[in-house]
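Read the structure below first, then the notes.
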There are 2 protein chains.
Amino acid sequence: MNFRIAVVGTGAIGDYYGAKLAYGGSDVHFLMRGDLSEIRRAGLCIRGASENFRLAEVNCYNSTKEIGPCDLILISVKATSNLDLVELVPPLLHPRTMLLTMQNGLGNEEFLAEHFGAERVLGAICFICLSRTSRTKIERYDYGHIMVGEYERASQPRTHAVAAEFTRGGVQCTVVENLALERWRKLVWHVPFNGLSILAGEIDTAAILQDEDLRRTTLGLMNEVIELANKCGYPLERTTGGQEMKRTEKIGAYKPSTLLDWEAGRRLEIEPIWGEPLRRAFTVGANVPRLEVVYALLKSLGETMHGKKSAAKIGHSL
Amino acid sequence: MNFRIAVVGTGAIGDYYGAKLAYGGSDVHFLMRGDLSEIRRAGLCIRGASENFRLAEVNCYNSTKEIGPCDLILISVKATSNLDLVELVPPLLHPRTMLLTMQNGLGNEEFLAEHFGAERVLGAICFICLSRTSRTKIERYDYGHIMVGEYERASQPRTHAVAAEFTRGGVQCTVVENLALERWRKLVWHVPFNGLSILAGEIDTAAILQDEDLRRTTLGLMNEVIELANKCGYPLERTTGGQEMKRTEKIGAYKPSTLLDWEAGRRLEIEPIWGEPLRRAFTVGANVPRLEVVYALLKSLGETMHGKKSAAKIGHSL
C-alpha cells in the first residue's frame, strides 16, 4: 500500500510514530502548532536503545487544509483537546480515510465515530516509554510496540494493511480482533498507577509498590476495573491484576504519563482513564468505590490546578 | 470540687479550654514549650462571638516535674506526639489522677489506658472552631461545647464533677454514657471532610459539597464509617450520613483541622482518624474500600511531605 498519512497531535507519541513511518518510507504529513522553522531546519531526532536516527525532511504544516485529503490519520492529540478535532479533521478526509486514534483510555473511538462515522475508526494501543527532550528530539526509553484494531468489529483487510505500514517503519505491530478488550486490559494498569502516582504525592511506580497500603489500593483498583470490564462484556481474566503487579515490579521506577502531565502543568486526561469507566460502571450497576474516590479527587485536583475552583479562604477548624 | 488541673499540649484546644477553666476560677497549670516570658507578660487572650477575655496570670511551666501531682490532666497534644506522654505524664500523677484526652479520633484513650491504667482515663469530644492567631491569642469562630465520658464504662460521680468544672468555666459540657459511640459519630464527619479537603487540592467543606463527585465520595465514606461502627458494636443510625451532610452545608466554608495542619506543614493525625478505624475494619472484616484509599493516600502524602519517601526521579512514561 502507499498510504498518504497525516499526524494530528503535537505530543511525543505522534512525533515518534510519524517519524518512524516517514523514516521507513511512508508519505507522512505532520500538523504542528507554532513555529515550524526549527523542525524544518533540524528535523526530528529519535533516540532509543536500538535506534538513533534523524528524519531530516519533515513535512510539517500549520493547518490541516494545507495537508489536504489523506488515507490514514494518526490521532495523537490529548483527549482533553478532542473537540479541536471537529474542525481539524474534515480537510483531511476523503470517502475512505481511516482515523487511527493512538490515545489512551476509553471514549476516543466513540468520539471519532460520532463525529466522522464509525466505519472510519480504528484504534492503536501504544506500549511505549517516551519523552520529548526538546522541540526536535524524542527519547524512547523502553518498548515501542502497538496493537491495532477496528472500532467495534473484527479486523479487516485494511487493518492488516495499516499494521504492515507500521511494520515497514520498524514498529512492532499486532492486529487485535477485540480492540475494546485490549483497551480495558490497559486500563487495569492506568487506573491505579496513573492516578495514585499523582494523588499519593508525586511518586513513581516503585514507590507505590513499596508501600503496603498503596499496593493494596492498587490491587483493589485493578480488581474493580477487571470486574467492571467483565460486567461490560469484556472477558478479562481475574488473574490480570496480580500479573500486572509483577510486571510493574520488573519494570522498575516509572513515572506514569499522567504524572508527567501533572508535573508539567498540562491538563490531565481524566475522562478517558477514570471518568468514562466510572460512567460505564453507573450504567451497568457495577460497584467501583475506589475508582469513584480516585476520579473525584483527580477531577478536583485538575480543577484547582487550573484555577477553576477557589481554594478555601476561611481559616476555621472543626 | 477543687481540682488541681494540668494542661499538657501546646495546641489551641488545650490553651482555650485551660484558659476557660482558669478564668472560671479553676487551679490550672499549663505545660508550655519554649520561651514562657511572652505568655507571662501578655497572658492568654481568648476572643469569640460572645466572649472576649484575657487570662492575665497564666501558670505556665517548662516541665511537668515543676507542676507536680494534679487531680485532672487535660491531654491536648497532637496524637502524633503521644509517645512523649510516657515521660511527660508520670510527674503529674497521684493515685487518683484523671487523664482527660481532648484529642480527635480513635486510639487515644487506649494509649493512655495502656500506659497509665484504664481506670484513670476519660475522654472529651470537642466541638469547636478555633485558631491560634498568635502565641498568646486564641480566636474562637464557632461552637465550643464538649462531651465528656469515661473510657469503656458508664459515667461515674467523677465524670459529673469534671463536667461541673467545665460548666463553671463557661464551657457547655454534656456527660455521655458511651464515649466510644460519640467518637465514632464524630469520625463520620472527620473521615471524609478532613481527608478530602487535603486530597482534593486543599479545598474547604463548601467546595467539597459543591462538587457532585466529591459529595458522592463524602457520603460513601460516611456510610462506610457508619457500617463499620455498627459492626464494631456502636449503633450509629444509618441516617447519620445524610444529617451530617445537611449540617455541614449550614456551617458554610470551613477548613478542617487536618487541612490547617497540612497547610502549616505540621504532622497529620492520620492514625486516629483513618488508620485506627481501618485496622478495626480489618479485624471485624468490614468492607471499607473508600477509607482504604483515603488512608493510603494520606499516609503517603504525609511521608512525602516529611521527606521520608523519595519522589520519582526517572522521567519515563508508560
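Convention: chains lettered A, B, ... in C-alpha cells order; per-chain residue numbering from 1; ligands numbered from 1 as shown.
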
For the interface of chain B with chain A (cut-off 7 Å, counting only C-alpha atoms), please tabulate each contacting residue of chain B alongside its nearest pair of atoms and their separation in Å to one decimal, rows sorted by chain and increasing number, as a tab-separated table.
residue	atom	partner	partner_atom	distance
B:Phe127	CA	A:Leu318	CA	6.7
B:Ile128	CA	A:Leu318	CA	5.6
B:Cys129	CA	A:Ser317	CA	4.6
B:Leu130	CA	A:Ser317	CA	5.7
B:Ser131	CA	A:His316	CA	6.6
B:Tyr141	CA	A:His316	CA	6.9
B:Leu199	CA	A:Leu297	CA	6.4
B:Ala200	CA	A:Leu297	CA	4.7
B:Gly201	CA	A:Leu301	CA	4.9
B:Glu202	CA	A:Ala311	CA	6.3
B:Ile203	CA	A:Ala311	CA	4.9
B:Asp204	CA	A:Ala312	CA	4.7
B:Asp213	CA	A:Ala296	CA	5.1
B:Leu214	CA	A:Ala296	CA	5.4
B:Thr217	CA	A:Val293	CA	5.8
B:Ala253	CA	A:Ile314	CA	6.7
B:Tyr254	CA	A:His316	CA	5.4
B:Lys255	CA	A:His316	CA	5.2
B:Pro256	CA	A:Ser317	CA	4.8
B:Ser257	CA	A:Ser317	CA	4.6
B:Pro289	CA	A:Arg290	CA	6.0
B:Arg290	CA	A:Arg290	CA	5.6
B:Glu292	CA	A:Thr217	CA	6.9
B:Val293	CA	A:Thr217	CA	5.8
B:Ala296	CA	A:Asp213	CA	5.1
B:Leu297	CA	A:Ala200	CA	4.7
B:Ser300	CA	A:Ala200	CA	5.3
B:Leu301	CA	A:Gly201	CA	4.9
B:Thr304	CA	A:Gly201	CA	6.1
B:Ala311	CA	A:Ile203	CA	5.0
B:Ala312	CA	A:Asp204	CA	4.7
B:Ile314	CA	A:Tyr254	CA	6.2
B:Gly315	CA	A:Lys255	CA	5.9
B:His316	CA	A:Lys255	CA	5.2
B:Ser317	CA	A:Cys129	CA	4.6
B:Leu318	CA	A:Cys129	CA	4.7

Exercise. Could you write out, as a list in words, all the residues of segment 133-300 of chain B that DSSP marks as strand (DSSP E or B)?
Worked result: Thr133, Ser134, Lys137, Ile138, Glu139, Arg140, Tyr141, Asp142, Tyr143, Gly144, His145, Ile146, Met147, Val148, Gly149, Glu150, Cys173, Thr174 and Val175 of chain B

Can you list, as a PDB file with C-alpha atoms, in the first residue's frame, every protein, DNA or RNA residue that comes within 12 Å of Ala161 of chain B when you count only C-alpha atoms, leaving out same-chain residues fewer than 2 positions away?
ATOM      1  CA  MET B   1     -14.675  20.187  93.788  1.00  0.00           C
ATOM      2  CA  ASN B   2     -11.385  21.940  93.785  1.00  0.00           C
ATOM      3  CA  PHE B   3      -9.411  20.135  91.149  1.00  0.00           C
ATOM      4  CA  ASP B  71      -6.222  15.696  90.055  1.00  0.00           C
ATOM      5  CA  LEU B  72      -7.068  16.137  86.389  1.00  0.00           C
ATOM      6  CA  MET B  98      -7.718  11.520  85.967  1.00  0.00           C
ATOM      7  CA  VAL B 148     -17.184  14.100  78.473  1.00  0.00           C
ATOM      8  CA  GLY B 149     -17.300  10.389  79.173  1.00  0.00           C
ATOM      9  CA  SER B 155     -20.400   7.804  83.755  1.00  0.00           C
ATOM     10  CA  GLN B 156     -19.158   7.926  87.352  1.00  0.00           C
ATOM     11  CA  PRO B 157     -19.596  10.609  90.005  1.00  0.00           C
ATOM     12  CA  ARG B 158     -16.188  11.980  88.979  1.00  0.00           C
ATOM     13  CA  THR B 159     -17.348  12.348  85.373  1.00  0.00           C
ATOM     14  CA  ALA B 163     -18.302  18.326  83.690  1.00  0.00           C
ATOM     15  CA  ALA B 164     -19.269  20.682  86.519  1.00  0.00           C
ATOM     16  CA  GLU B 165     -15.747  22.113  86.486  1.00  0.00           C
ATOM     17  CA  PHE B 166     -16.067  22.910  82.757  1.00  0.00           C
ATOM     18  CA  THR B 167     -19.533  24.321  83.238  1.00  0.00           C
ATOM     19  CA  ARG B 168     -18.216  26.635  85.942  1.00  0.00           C
ATOM     20  CA  CYS B 173     -20.465  20.289  78.784  1.00  0.00           C
ATOM     21  CA  THR B 174     -22.532  17.121  78.444  1.00  0.00           C
ATOM     22  CA  VAL B 175     -21.780  13.822  80.150  1.00  0.00           C
TER      23      VAL B 175
END

Exercise. Just asking: which residues within segment 106-278 of chain A are helix (DSSP H, G or I) according to DSSP, as number ranges by chain?
Worked result: A: 108-116, 118-120, 157-168, 179-199, 205-210, 212-231, 240-251, 257-263, 270-278

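When only C-alpha atoms are used to measure the gap to Pro277 of chain A, the shortest distance among A:Met102, A:Lys231, A:Leu219, A:Arg238 belongs to A:Lys231.
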
For this session: For segment 222-228 of chain A, list every protein, DNA or RNA residue within 6 Å, evaluated using only C-alpha atoms, and leave out those in the same chain fewer than 5 positions away; present the list as a list of chain:residue names.
Result: A:Val188, A:Leu236, A:Gly241, A:Val288

Save the residues we just selected, C-alpha atoms, as an mmCIF file, in the first residue's frame?
data_model
loop_
_atom_site.group_PDB
_atom_site.id
_atom_site.type_symbol
_atom_site.label_atom_id
_atom_site.label_comp_id
_atom_site.auth_asym_id
_atom_site.auth_seq_id
_atom_site.Cartn_x
_atom_site.Cartn_y
_atom_site.Cartn_z
ATOM 1 C CA VAL A 188 -6.102 -2.199 34.580
ATOM 2 C CA LEU A 236 -10.589 -10.013 31.323
ATOM 3 C CA GLY A 241 -4.248 -7.782 38.474
ATOM 4 C CA VAL A 288 -16.344 0.583 41.941
#

Exercise. Which polymer residues have any atom within 12 Å of an atom of Arg41 of chain A, counting only C-alpha atoms, with same-chain residues fewer than 4 positions away left out, as a PyMOL selection string?
Worked result: chain A and resi 35-37+45+54-60+135-136

Go ahead and save the residues from that selection, with N, CA, C and O atoms, as a PDB file, in the first residue's frame.
ATOM      1  N   ASP A  35       5.809  27.675  15.538  1.00  0.00           N
ATOM      2  CA  ASP A  35       6.868  27.932  14.574  1.00  0.00           C
ATOM      3  C   ASP A  35       7.402  26.622  14.004  1.00  0.00           C
ATOM      4  O   ASP A  35       7.860  25.739  14.734  1.00  0.00           O
ATOM      5  N   LEU A  36       7.376  26.493  12.693  1.00  0.00           N
ATOM      6  CA  LEU A  36       7.822  25.254  12.057  1.00  0.00           C
ATOM      7  C   LEU A  36       9.293  25.308  11.646  1.00  0.00           C
ATOM      8  O   LEU A  36       9.862  24.304  11.242  1.00  0.00           O
ATOM      9  N   SER A  37       9.902  26.504  11.747  1.00  0.00           N
ATOM     10  CA  SER A  37      11.245  26.672  11.172  1.00  0.00           C
ATOM     11  C   SER A  37      12.266  25.760  11.845  1.00  0.00           C
ATOM     12  O   SER A  37      13.142  25.206  11.172  1.00  0.00           O
ATOM     13  N   CYS A  45      14.732  14.159  15.664  1.00  0.00           N
ATOM     14  CA  CYS A  45      15.703  13.144  16.080  1.00  0.00           C
ATOM     15  C   CYS A  45      15.028  12.145  17.002  1.00  0.00           C
ATOM     16  O   CYS A  45      14.326  12.524  17.945  1.00  0.00           O
ATOM     17  N   ARG A  54      17.744  10.497  12.453  1.00  0.00           N
ATOM     18  CA  ARG A  54      17.184  11.830  12.289  1.00  0.00           C
ATOM     19  C   ARG A  54      16.349  11.837  11.019  1.00  0.00           C
ATOM     20  O   ARG A  54      16.826  11.428   9.953  1.00  0.00           O
ATOM     21  N   LEU A  55      15.094  12.243  11.165  1.00  0.00           N
ATOM     22  CA  LEU A  55      14.252  12.440   9.984  1.00  0.00           C
ATOM     23  C   LEU A  55      14.567  13.855   9.502  1.00  0.00           C
ATOM     24  O   LEU A  55      14.149  14.843  10.113  1.00  0.00           O
ATOM     25  N   ALA A  56      15.331  13.924   8.407  1.00  0.00           N
ATOM     26  CA  ALA A  56      15.865  15.227   8.007  1.00  0.00           C
ATOM     27  C   ALA A  56      14.776  16.123   7.415  1.00  0.00           C
ATOM     28  O   ALA A  56      14.676  17.298   7.737  1.00  0.00           O
ATOM     29  N   GLU A  57      13.950  15.518   6.571  1.00  0.00           N
ATOM     30  CA  GLU A  57      12.909  16.342   5.939  1.00  0.00           C
ATOM     31  C   GLU A  57      11.553  15.996   6.533  1.00  0.00           C
ATOM     32  O   GLU A  57      11.040  14.908   6.318  1.00  0.00           O
ATOM     33  N   VAL A  58      11.015  16.898   7.303  1.00  0.00           N
ATOM     34  CA  VAL A  58       9.729  16.674   7.942  1.00  0.00           C
ATOM     35  C   VAL A  58       8.679  17.495   7.202  1.00  0.00           C
ATOM     36  O   VAL A  58       8.796  18.714   7.117  1.00  0.00           O
ATOM     37  N   ASN A  59       7.683  16.808   6.654  1.00  0.00           N
ATOM     38  CA  ASN A  59       6.583  17.539   6.013  1.00  0.00           C
ATOM     39  C   ASN A  59       5.686  18.090   7.107  1.00  0.00           C
ATOM     40  O   ASN A  59       4.846  17.386   7.634  1.00  0.00           O
ATOM     41  N   CYS A  60       5.898  19.339   7.460  1.00  0.00           N
ATOM     42  CA  CYS A  60       5.093  19.876   8.561  1.00  0.00           C
ATOM     43  C   CYS A  60       4.324  21.105   8.126  1.00  0.00           C
ATOM     44  O   CYS A  60       4.746  21.846   7.238  1.00  0.00           O
ATOM     45  N   ARG A 135      12.247  20.360  21.466  1.00  0.00           N
ATOM     46  CA  ARG A 135      11.254  20.524  20.400  1.00  0.00           C
ATOM     47  C   ARG A 135      11.470  19.548  19.255  1.00  0.00           C
ATOM     48  O   ARG A 135      10.520  19.138  18.588  1.00  0.00           O
ATOM     49  N   THR A 136      12.716  19.139  19.026  1.00  0.00           N
ATOM     50  CA  THR A 136      13.031  18.301  17.861  1.00  0.00           C
ATOM     51  C   THR A 136      13.596  16.938  18.250  1.00  0.00           C
ATOM     52  O   THR A 136      14.061  16.206  17.387  1.00  0.00           O
TER      53      THR A 136
END
